[in-house]
Amino acid sequence: MPSPTHVQESLAEIAARLAAYDPQALRVELAQQFIQSLLPPPQVQIRAQETVGLRQALGRVLAADVISPLNVPAHDNSAMDGYALRASDLQTEGPTRLRVLGTSLAGQTAAAEPPAGCCQRIMTGALMPAGLDTVVPQEFTHALDDGQISIPPKLLRAGDNRRRAGEDLRQGGVALAAGRRLKPADIGLLASLGLAQVQVWRRLKVAVLSTGNELCELGQNPEAGGLYDSNRYTLCALLEQLGVEVLDLGLVRDEPAALRAAFGRAAAEADAVISSGGVSVGEADHTKAVMAELGDVLFWRVAMRPGRPLAIGRIAQTDGRNCLMFGLPGNPVAVMVTFYAFVRQALLQLSGATPEPLLTLQAISNQALRKKPGRSEYQRGIVSRRADGRWQVAITGNQGSGILSSMSAANGLVVLGHEQEDVAAGELVEVWPFEGLA
Ligand SMILES: Nc1nc2c(c(=O)[nH]1)N[C@H]1C(S)=C(S)[C@@H](COP(=O)(O)OP(=O)(O)OC[C@H]3O[C@@H](n4cnc5c(N)ncnc54)[C@H](O)[C@@H]3O)O[C@H]1N2
Ligand code: MOO
């Protein structure tokens with residue numbers, strides 16, 4: 001491998017600084033903190049930016065603040081169909097009578113200032129005529145025969161039903177900050193500013209591979225003792241949901257040359273590589289040796305279930321960047337749980353995204369759960385609303401770390417923290433809904 005262009009602290013040196021670092025029983029939070037410390041800012045890792053049209057911008061990460069080029073709304077306008085008036089014309093005792101001078105429709109220029117004692121018929125979105133500050137919705141008025149309307153007393157305060165220029169977005173202000181991972185509402189907001197394009201970081205590129213000689217490609221027949229490679233499909237789907245570019249390196253035989261070629265390609269072409277399998281203590285595993293040969297890597301046993309064995313490392317690239325290595329355990333549910341616990345947030349941050357709080361729920365456990373203190377546990381569950389409106393969660397059956405059907409049946413993960421002991425039926429537990437992990 002070409003040597004890196006700069007010297008960086010080794011992973012062992014970083015680990016040595018952590019209090020309570022125990023690679024044989026690493027707390028989840030400490031593992032997360034460690035991974036966090038390996039993430040370079042996008043200016044260092046991603047570097048390139050691109051301009052994309054709004055229709056292509058969903059899920060992309062803003063590379064620069066978006067400064068509002070205009071006020072939204074551009075002018076004061078009416079929030080209701082009704083009559084625009086001066087609050088100072090309103091009587092406090094008894095009804096107010098005002099003469100209706102004309103009609104303002106949305107899209108027209110602002111009407112001239114009417115004299116005192118007059119009002120203007122106005123539609124939602126129409127510009128407020130000069131000098132008028134308040135709108136009375138038409139359903140609260142009575143039309144009188146002489147071209148006047150009557151408004152009951154004590155109905156309105158000055159400024160009611162008027163939308164102010166710039167109340168949504170102010171010209172020159174930061175409409176969306178750099179690091180924003182664009183959501184549907186953001187796309188609409190950018191459109192409301194008239195912006196057809198935005199400046200985003202290039203997509204993060206993530207390589208995926210599966211290791212294990214027992215695995216078989218879809219479309220082929222597994223040999224005796226073999227099984228289909230499902231992890232790569234799960235991982236590619238998880239990555240697509242995150243909006244990163246996926247480099248599928250396929251199924252790699254558990255042979256040093258094949259593994260070297262795959263990890264080498266990942267290092268040359270991708271920002272991160274995720275493998276599954278071969279990180280535990282088994283005999284047939286060359287994965288760990290090749291990871292350690294090509295990069296700087298630590299092999300952990302995390303105090304969690306599922307997902308105990310985990311490799312974390314990086315391979316230096318010729319241009320000074322790093323390719324992060326995530327060696328996930330082979331068991332299919334452990335792959336998903338470790339992805340959610342360690343990989344997802346890291347990839348988002350590596351993409352330039354500002355961290356956002358994870359959407360979690362407190363739900364009533366429908367059943368007693370066995371839990372050993374001293375490790376974090378992740379159980380598959382179905383969250384639903386009870387008749388009283390509170391969340392409840394039911395575990396989806398067999399929780400073996402190879403059982404994908406109970407993961408597929410679930411809509412979230414029950415997360416039982418490191419210190420947590422047995423949970424009694426009716427107790428509150430934390431749940432990560434899968435919707436919040438997309
Ligand atoms: N003596 C010990 N044995 C094991 C330990 C341990 O601490 N001591 N840990 C167990 C845990 S926990 C896990 S998780 C697994 C992880 O081991 P590996 O990462 O080395 O994974 P493999 O042995 O290669 O595979 C485990 C399991 O998963 C199946 N697998 C692997 N890749 C795929 C794939 N792409 N698609 C579908 N299924 C896959 C594989 O066939 C095995 O059944 O180790 C335990 N053992
Ligand atoms: O980490 Mo393993 O996932 O429990 O089977």
# chains A, B, ... in the order shown; residues from 1 in each chain; ligands from 1
>>> closest_atom_pairs(of="chain A", to="ligand 2", cutoff="8 Å", atoms="only C-alpha atoms and all ligand atoms", output="JSON lines")
{"residue": "A:Met304", "atom": "CA", "partner": "ligand 2", "partner_atom_place_in_ligand_line": "1 (O)", "distance": 7.3}
{"residue": "A:Arg305", "atom": "CA", "partner": "ligand 2", "partner_atom_place_in_ligand_line": "4 (O)", "distance": 5.0}
{"residue": "A:Pro306", "atom": "CA", "partner": "ligand 2", "partner_atom_place_in_ligand_line": "4 (O)", "distance": 3.4}
{"residue": "A:Gly307", "atom": "CA", "partner": "ligand 2", "partner_atom_place_in_ligand_line": "1 (O)", "distance": 2.9}
{"residue": "A:Arg308", "atom": "CA", "partner": "ligand 2", "partner_atom_place_in_ligand_line": "1 (O)", "distance": 3.6}
{"residue": "A:Pro309", "atom": "CA", "partner": "ligand 2", "partner_atom_place_in_ligand_line": "1 (O)", "distance": 5.6}
{"residue": "A:Pro329", "atom": "CA", "partner": "ligand 2", "partner_atom_place_in_ligand_line": "1 (O)", "distance": 6.1}
{"residue": "A:Gly330", "atom": "CA", "partner": "ligand 2", "partner_atom_place_in_ligand_line": "3 (O)", "distance": 7.5}
{"residue": "A:Asn331", "atom": "CA", "partner": "ligand 2", "partner_atom_place_in_ligand_line": "5 (O)", "distance": 5.4}
{"residue": "A:Pro332", "atom": "CA", "partner": "ligand 2", "partner_atom_place_in_ligand_line": "3 (O)", "distance": 7.8}
{"residue": "A:Val333", "atom": "CA", "partner": "ligand 2", "partner_atom_place_in_ligand_line": "3 (O)", "distance": 6.6}
{"residue": "A:Ala334", "atom": "CA", "partner": "ligand 2", "partner_atom_place_in_ligand_line": "3 (O)", "distance": 4.0}
{"residue": "A:Val335", "atom": "CA", "partner": "ligand 2", "partner_atom_place_in_ligand_line": "3 (O)", "distance": 7.5}
{"residue": "A:Gly400", "atom": "CA", "partner": "ligand 2", "partner_atom_place_in_ligand_line": "5 (O)", "distance": 7.3}
{"residue": "A:Ser401", "atom": "CA", "partner": "ligand 2", "partner_atom_place_in_ligand_line": "5 (O)", "distance": 4.6}
{"residue": "A:Gly402", "atom": "CA", "partner": "ligand 2", "partner_atom_place_in_ligand_line": "5 (O)", "distance": 6.8}
>>> closest_atom_pairs(of="chain A", to="ligand 1", cutoff="9 Å", atoms="only C-alpha atoms and all ligand atoms", output="Markdown table")
| residue | atom | partner | partner_atom_place_in_ligand_line | distance |
| --- | --- | --- | --- | --- |
| A:Leu209 | CA | ligand 1 | 35 (N) | 8.1 |
| A:Ser210 | CA | ligand 1 | 35 (N) | 4.8 |
| A:Thr211 | CA | ligand 1 | 32 (N) | 6.1 |
| A:Gly212 | CA | ligand 1 | 24 (O) | 5.5 |
| A:Asn213 | CA | ligand 1 | 24 (O) | 8.6 |
| A:Glu214 | CA | ligand 1 | 41 (O) | 6.3 |
| A:Leu215 | CA | ligand 1 | 34 (C) | 6.4 |
| A:Cys216 | CA | ligand 1 | 36 (N) | 8.6 |
| A:Gly225 | CA | ligand 1 | 41 (O) | 8.9 |
| A:Gly226 | CA | ligand 1 | 41 (O) | 7.5 |
| A:Leu227 | CA | ligand 1 | 37 (C) | 6.8 |
| A:Tyr228 | CA | ligand 1 | 37 (C) | 6.0 |
| A:Asp229 | CA | ligand 1 | 36 (N) | 3.7 |
| A:Ser230 | CA | ligand 1 | 36 (N) | 3.9 |
| A:Asn231 | CA | ligand 1 | 35 (N) | 4.0 |
| A:Arg232 | CA | ligand 1 | 35 (N) | 5.7 |
| A:Tyr233 | CA | ligand 1 | 35 (N) | 8.3 |
| A:Thr234 | CA | ligand 1 | 36 (N) | 8.8 |
| A:Leu251 | CA | ligand 1 | 35 (N) | 7.7 |
| A:Ser275 | CA | ligand 1 | 35 (N) | 8.6 |
| A:Ser276 | CA | ligand 1 | 32 (N) | 5.7 |
| A:Gly277 | CA | ligand 1 | 21 (O) | 3.6 |
| A:Gly278 | CA | ligand 1 | 20 (O) | 3.3 |
| A:Val279 | CA | ligand 1 | 19 (O) | 4.0 |
| A:Ser280 | CA | ligand 1 | 20 (O) | 3.7 |
| A:Val281 | CA | ligand 1 | 2 (C) | 5.7 |
| A:Gly282 | CA | ligand 1 | 20 (O) | 5.9 |
| A:Glu283 | CA | ligand 1 | 20 (O) | 8.9 |
| A:Ala284 | CA | ligand 1 | 23 (O) | 8.6 |
| A:Asp285 | CA | ligand 1 | 20 (O) | 7.0 |
| A:Thr287 | CA | ligand 1 | 20 (O) | 8.7 |
| A:Arg301 | CA | ligand 1 | 7 (O) | 7.5 |
| A:Met304 | CA | ligand 1 | 12 (S) | 8.8 |
| A:Arg305 | CA | ligand 1 | 12 (S) | 7.2 |
| A:Pro306 | CA | ligand 1 | 12 (S) | 6.1 |
| A:Gly307 | CA | ligand 1 | 14 (S) | 5.1 |
| A:Arg308 | CA | ligand 1 | 12 (S) | 4.8 |
| A:Pro309 | CA | ligand 1 | 14 (S) | 6.1 |
| A:Leu310 | CA | ligand 1 | 19 (O) | 7.5 |
| A:Gly327 | CA | ligand 1 | 19 (O) | 7.8 |
| A:Leu328 | CA | ligand 1 | 19 (O) | 6.3 |
| A:Pro329 | CA | ligand 1 | 19 (O) | 3.3 |
| A:Gly330 | CA | ligand 1 | 21 (O) | 3.5 |
| A:Asn331 | CA | ligand 1 | 28 (O) | 3.5 |
| A:Pro332 | CA | ligand 1 | 38 (N) | 5.5 |
| A:Val333 | CA | ligand 1 | 14 (S) | 8.3 |
| A:Ala334 | CA | ligand 1 | 14 (S) | 5.7 |
| A:Val335 | CA | ligand 1 | 14 (S) | 8.0 |
| A:Ser401 | CA | ligand 1 | 14 (S) | 6.9 |
| A:Gly402 | CA | ligand 1 | 28 (O) | 6.6 |
>>> residues_around(residues="A:Ala289", least_positions_apart="3", cutoff="10 Å", atoms="only C-alpha atoms", output="mmCIF file with N, CA and C atoms, in the first residue's frame")
data_model
loop_
_atom_site.group_PDB
_atom_site.id
_atom_site.type_symbol
_atom_site.label_atom_id
_atom_site.label_comp_id
_atom_site.auth_asym_id
_atom_site.auth_seq_id
_atom_site.Cartn_x
_atom_site.Cartn_y
_atom_site.Cartn_z
ATOM 1 N N PRO A 256 -6.932 -14.904 1.654
ATOM 2 C CA PRO A 256 -6.202 -13.631 1.774
ATOM 3 C C PRO A 256 -6.148 -12.829 0.475
ATOM 4 N N LEU A 259 -9.544 -11.246 -0.305
ATOM 5 C CA LEU A 259 -9.876 -10.210 0.679
ATOM 6 C C LEU A 259 -9.007 -8.962 0.475
ATOM 7 N N ARG A 260 -7.725 -9.196 0.188
ATOM 8 C CA ARG A 260 -6.801 -8.085 -0.052
ATOM 9 C C ARG A 260 -7.266 -7.244 -1.243
ATOM 10 N N GLY A 278 -16.604 -12.900 9.930
ATOM 11 C CA GLY A 278 -15.162 -13.107 10.093
ATOM 12 C C GLY A 278 -14.488 -12.235 11.127
ATOM 13 N N VAL A 279 -15.236 -11.622 12.033
ATOM 14 C CA VAL A 279 -14.570 -10.776 13.035
ATOM 15 C C VAL A 279 -14.549 -11.406 14.429
ATOM 16 N N ASP A 285 -11.090 -17.672 9.574
ATOM 17 C CA ASP A 285 -11.214 -16.264 9.231
ATOM 18 C C ASP A 285 -9.893 -15.600 8.886
ATOM 19 N N HIS A 286 -9.790 -15.183 7.619
ATOM 20 C CA HIS A 286 -8.631 -14.387 7.209
ATOM 21 C C HIS A 286 -8.969 -12.912 7.220
ATOM 22 N N ALA A 292 -5.999 -6.022 9.263
ATOM 23 C CA ALA A 292 -4.875 -5.509 10.055
ATOM 24 C C ALA A 292 -3.650 -5.261 9.170
ATOM 25 N N GLU A 293 -3.527 -6.038 8.102
ATOM 26 C CA GLU A 293 -2.381 -5.879 7.202
ATOM 27 C C GLU A 293 -2.522 -4.592 6.365
ATOM 28 N N LEU A 294 -3.754 -4.299 5.928
ATOM 29 C CA LEU A 294 -3.948 -3.147 5.039
ATOM 30 C C LEU A 294 -4.164 -1.840 5.780
ATOM 31 N N VAL A 297 -6.360 -1.161 12.646
ATOM 32 C CA VAL A 297 -7.673 -1.673 13.039
ATOM 33 C C VAL A 297 -7.654 -2.209 14.462
#
>>> select_by_dssp(residues="stretch 40-157 of chain A", states="strand (DSSP E or B)", output="ChimeraX atom specification")
/A:49-53,61-62,66-67,72,77-78,82-85,96-104,118-122,127,134-137,142-143,148-151
>>> residues_around(residues="A:Arg157", least_positions_apart="5", cutoff="12 Å", atoms="only C-alpha atoms", output="MDAnalysis selection string")
chainID A and resid 85:92 133:136 162
>>> residues_around(residues="A:Thr354", least_positions_apart="4", cutoff="10 Å", atoms="only C-alpha atoms", output="PyMOL selection string")
chain A and resi 61-62+177-181+345+348-350
>>> write_last_selection(atoms="C-alpha atoms", output="compact mmCIF listing (two decimals), in the first residue's frame")
# COMPACT_ATOMS: atom_id res chain seq x y z
CA VAL A 61 -26.18 17.51 2.65
CA LEU A 62 -25.80 21.27 2.23
CA ALA A 177 -27.45 25.99 7.60
CA ALA A 178 -24.53 24.07 6.09
CA GLY A 179 -24.69 20.45 7.22
CA ARG A 180 -28.44 20.21 6.77
CA ARG A 181 -29.54 16.85 5.36
CA GLN A 345 -24.45 8.16 12.57
CA LEU A 348 -24.03 10.71 8.17
CA GLN A 349 -21.37 12.80 9.90
CA LEU A 350 -18.74 11.73 7.42
>>> select_by_dssp(residues="stretch 121-274 of chain A", states="helix (DSSP H, G or I)", output="VMD selection string")
chain A and resid 138 to 140 184 to 192 231 to 242 256 to 269
>>> atom_distance(atom1="atom CA of A:Gln197", atom2="atom CA of A:Ala74")
20.4 Å
>>> residues_around(residues="stretch 366-371 of chain A", least_positions_apart="5", cutoff="12 Å", atoms="only C-alpha atoms", output="number ranges by chain")
A: 304-305, 376-386, 391-397, 399, 414-429
>>> closest_residue(among="A:Ala15, A:Leu39, A:Leu324, A:Leu176", to="A:Ala267", atoms="only C-alpha atoms")
A:Leu324
>>> atom_distance(atom1="atom CA of A:Met407", atom2="atom CA of A:Ser351")
27.3 Å
>>> closest_residue(among="A:Ile35, A:Val302, A:Leu98, A:Leu127", to="A:Pro115", atoms="only C-alpha atoms")
A:Leu98
>>> closest_residue(among="A:Val337, A:Ala266, A:Leu70, A:Ala130", to="A:Ile315", atoms="only C-alpha atoms")
A:Ala266
>>> closest_atom_pairs(of="stretch 69-113 of chain A", to="stretch 172-175 of chain A", cutoff="12 Å", atoms="only C-alpha atoms", output="Markdown table")
| residue | atom | partner | partner_atom | distance |
| --- | --- | --- | --- | --- |
| A:Pro69 | CA | A:Gly172 | CA | 6.1 |
| A:Leu70 | CA | A:Gly172 | CA | 7.2 |
| A:Asn71 | CA | A:Gly172 | CA | 8.4 |
| A:Val72 | CA | A:Ala175 | CA | 10.5 |
>>> atom_distance(atom1="atom CA of A:Asp145", atom2="atom CA of A:Leu101")
14.3 Å
>>> closest_residue(among="A:Gly352, A:Gly107, A:Pro357, A:Pro73", to="A:Val244", atoms="only C-alpha atoms")
A:Gly352
>>> closest_residue(among="A:Gln220, A:Tyr21, A:Asp168, A:Leu204", to="A:Val246", atoms="only C-alpha atoms")
A:Leu204
>>> residues_around(residues="A:Leu182", least_positions_apart="3", cutoff="12 Å", atoms="only C-alpha atoms", output="VMD selection string")
chain A and resid 54 to 63 66 176 to 179 185 to 190 198 to 201 242 to 243 352 to 354
>>> write_last_selection(atoms="N, CA and C atoms", output="PDB file, in the first residue's frame")
ATOM      1  N   LEU A  54     -33.184  21.041  -7.421  1.00  0.00           N
ATOM      2  CA  LEU A  54     -33.998  20.721  -6.243  1.00  0.00           C
ATOM      3  C   LEU A  54     -34.589  19.328  -6.291  1.00  0.00           C
ATOM      4  N   ARG A  55     -34.980  18.882  -7.479  1.00  0.00           N
ATOM      5  CA  ARG A  55     -35.605  17.564  -7.581  1.00  0.00           C
ATOM      6  C   ARG A  55     -34.612  16.446  -7.263  1.00  0.00           C
ATOM      7  N   GLN A  56     -33.331  16.746  -7.290  1.00  0.00           N
ATOM      8  CA  GLN A  56     -32.305  15.740  -6.963  1.00  0.00           C
ATOM      9  C   GLN A  56     -31.735  15.967  -5.567  1.00  0.00           C
ATOM     10  N   ALA A  57     -32.266  16.910  -4.829  1.00  0.00           N
ATOM     11  CA  ALA A  57     -31.586  17.354  -3.602  1.00  0.00           C
ATOM     12  C   ALA A  57     -32.058  16.651  -2.325  1.00  0.00           C
ATOM     13  N   LEU A  58     -33.150  15.908  -2.397  1.00  0.00           N
ATOM     14  CA  LEU A  58     -33.662  15.250  -1.192  1.00  0.00           C
ATOM     15  C   LEU A  58     -32.589  14.338  -0.582  1.00  0.00           C
ATOM     16  N   GLY A  59     -32.324  14.490   0.701  1.00  0.00           N
ATOM     17  CA  GLY A  59     -31.357  13.624   1.387  1.00  0.00           C
ATOM     18  C   GLY A  59     -29.919  14.070   1.223  1.00  0.00           C
ATOM     19  N   ARG A  60     -29.679  15.047   0.360  1.00  0.00           N
ATOM     20  CA  ARG A  60     -28.295  15.527   0.186  1.00  0.00           C
ATOM     21  C   ARG A  60     -27.938  16.488   1.317  1.00  0.00           C
ATOM     22  N   VAL A  61     -26.634  16.699   1.512  1.00  0.00           N
ATOM     23  CA  VAL A  61     -26.179  17.510   2.649  1.00  0.00           C
ATOM     24  C   VAL A  61     -25.661  18.854   2.140  1.00  0.00           C
ATOM     25  N   LEU A  62     -26.206  19.935   2.676  1.00  0.00           N
ATOM     26  CA  LEU A  62     -25.796  21.274   2.231  1.00  0.00           C
ATOM     27  C   LEU A  62     -24.330  21.529   2.561  1.00  0.00           C
ATOM     28  N   ALA A  63     -23.586  22.021   1.578  1.00  0.00           N
ATOM     29  CA  ALA A  63     -22.166  22.299   1.782  1.00  0.00           C
ATOM     30  C   ALA A  63     -21.944  23.729   2.262  1.00  0.00           C
ATOM     31  N   VAL A  66     -27.502  28.405   3.175  1.00  0.00           N
ATOM     32  CA  VAL A  66     -28.341  29.026   2.145  1.00  0.00           C
ATOM     33  C   VAL A  66     -28.839  30.350   2.720  1.00  0.00           C
ATOM     34  N   LEU A 176     -31.213  27.964   5.634  1.00  0.00           N
ATOM     35  CA  LEU A 176     -30.836  26.599   6.013  1.00  0.00           C
ATOM     36  C   LEU A 176     -29.319  26.595   6.210  1.00  0.00           C
ATOM     37  N   ALA A 177     -28.880  25.940   7.274  1.00  0.00           N
ATOM     38  CA  ALA A 177     -27.451  25.989   7.603  1.00  0.00           C
ATOM     39  C   ALA A 177     -26.695  24.855   6.909  1.00  0.00           C
ATOM     40  N   ALA A 178     -25.419  25.112   6.632  1.00  0.00           N
ATOM     41  CA  ALA A 178     -24.530  24.073   6.089  1.00  0.00           C
ATOM     42  C   ALA A 178     -24.618  22.855   7.001  1.00  0.00           C
ATOM     43  N   GLY A 179     -24.596  21.661   6.411  1.00  0.00           N
ATOM     44  CA  GLY A 179     -24.688  20.447   7.223  1.00  0.00           C
ATOM     45  C   GLY A 179     -26.104  19.909   7.301  1.00  0.00           C
ATOM     46  N   ALA A 185     -39.611  19.187   3.563  1.00  0.00           N
ATOM     47  CA  ALA A 185     -39.987  20.575   3.863  1.00  0.00           C
ATOM     48  C   ALA A 185     -38.878  21.541   3.430  1.00  0.00           C
ATOM     49  N   ASP A 186     -37.618  21.107   3.540  1.00  0.00           N
ATOM     50  CA  ASP A 186     -36.503  21.969   3.130  1.00  0.00           C
ATOM     51  C   ASP A 186     -36.539  22.219   1.622  1.00  0.00           C
ATOM     52  N   ILE A 187     -36.911  21.179   0.882  1.00  0.00           N
ATOM     53  CA  ILE A 187     -36.969  21.319  -0.576  1.00  0.00           C
ATOM     54  C   ILE A 187     -38.020  22.371  -0.929  1.00  0.00           C
ATOM     55  N   GLY A 188     -39.177  22.307  -0.256  1.00  0.00           N
ATOM     56  CA  GLY A 188     -40.224  23.301  -0.485  1.00  0.00           C
ATOM     57  C   GLY A 188     -39.764  24.691  -0.069  1.00  0.00           C
ATOM     58  N   LEU A 189     -39.069  24.773   1.045  1.00  0.00           N
ATOM     59  CA  LEU A 189     -38.568  26.067   1.533  1.00  0.00           C
ATOM     60  C   LEU A 189     -37.602  26.692   0.514  1.00  0.00           C
ATOM     61  N   LEU A 190     -36.717  25.863  -0.032  1.00  0.00           N
ATOM     62  CA  LEU A 190     -35.768  26.373  -1.036  1.00  0.00           C
ATOM     63  C   LEU A 190     -36.522  26.861  -2.266  1.00  0.00           C
ATOM     64  N   VAL A 198     -29.030  23.817  -5.402  1.00  0.00           N
ATOM     65  CA  VAL A 198     -28.315  24.014  -4.129  1.00  0.00           C
ATOM     66  C   VAL A 198     -26.928  23.400  -4.219  1.00  0.00           C
ATOM     67  N   GLN A 199     -26.069  23.910  -3.343  1.00  0.00           N
ATOM     68  CA  GLN A 199     -24.679  23.454  -3.276  1.00  0.00           C
ATOM     69  C   GLN A 199     -24.596  22.373  -2.197  1.00  0.00           C
ATOM     70  N   VAL A 200     -24.235  21.168  -2.591  1.00  0.00           N
ATOM     71  CA  VAL A 200     -24.186  20.060  -1.620  1.00  0.00           C
ATOM     72  C   VAL A 200     -22.816  19.392  -1.675  1.00  0.00           C
ATOM     73  N   TRP A 201     -22.500  18.652  -0.605  1.00  0.00           N
ATOM     74  CA  TRP A 201     -21.292  17.830  -0.648  1.00  0.00           C
ATOM     75  C   TRP A 201     -21.523  16.676  -1.616  1.00  0.00           C
ATOM     76  N   LEU A 242     -29.851   5.782   3.543  1.00  0.00           N
ATOM     77  CA  LEU A 242     -29.080   6.929   4.052  1.00  0.00           C
ATOM     78  C   LEU A 242     -28.691   7.900   2.940  1.00  0.00           C
ATOM     79  N   GLY A 243     -28.874   7.467   1.694  1.00  0.00           N
ATOM     80  CA  GLY A 243     -28.563   8.360   0.578  1.00  0.00           C
ATOM     81  C   GLY A 243     -27.096   8.379   0.183  1.00  0.00           C
ATOM     82  N   GLY A 352     -20.958  14.932   6.060  1.00  0.00           N
ATOM     83  CA  GLY A 352     -21.043  16.378   6.276  1.00  0.00           C
ATOM     84  C   GLY A 352     -22.278  16.795   7.037  1.00  0.00           C
ATOM     85  N   ALA A 353     -23.139  15.828   7.394  1.00  0.00           N
ATOM     86  CA  ALA A 353     -24.406  16.178   8.039  1.00  0.00           C
ATOM     87  C   ALA A 353     -24.197  16.523   9.512  1.00  0.00           C
ATOM     88  N   THR A 354     -24.871  17.561   9.960  1.00  0.00           N
ATOM     89  CA  THR A 354     -24.861  17.932  11.370  1.00  0.00           C
ATOM     90  C   THR A 354     -25.696  16.894  12.127  1.00  0.00           C
TER      91      THR A 354
END
>>> closest_residue(among="A:Met336, A:Ala224, A:Val343, A:Ala316", to="A:Gly412", atoms="only C-alpha atoms")
A:Met336
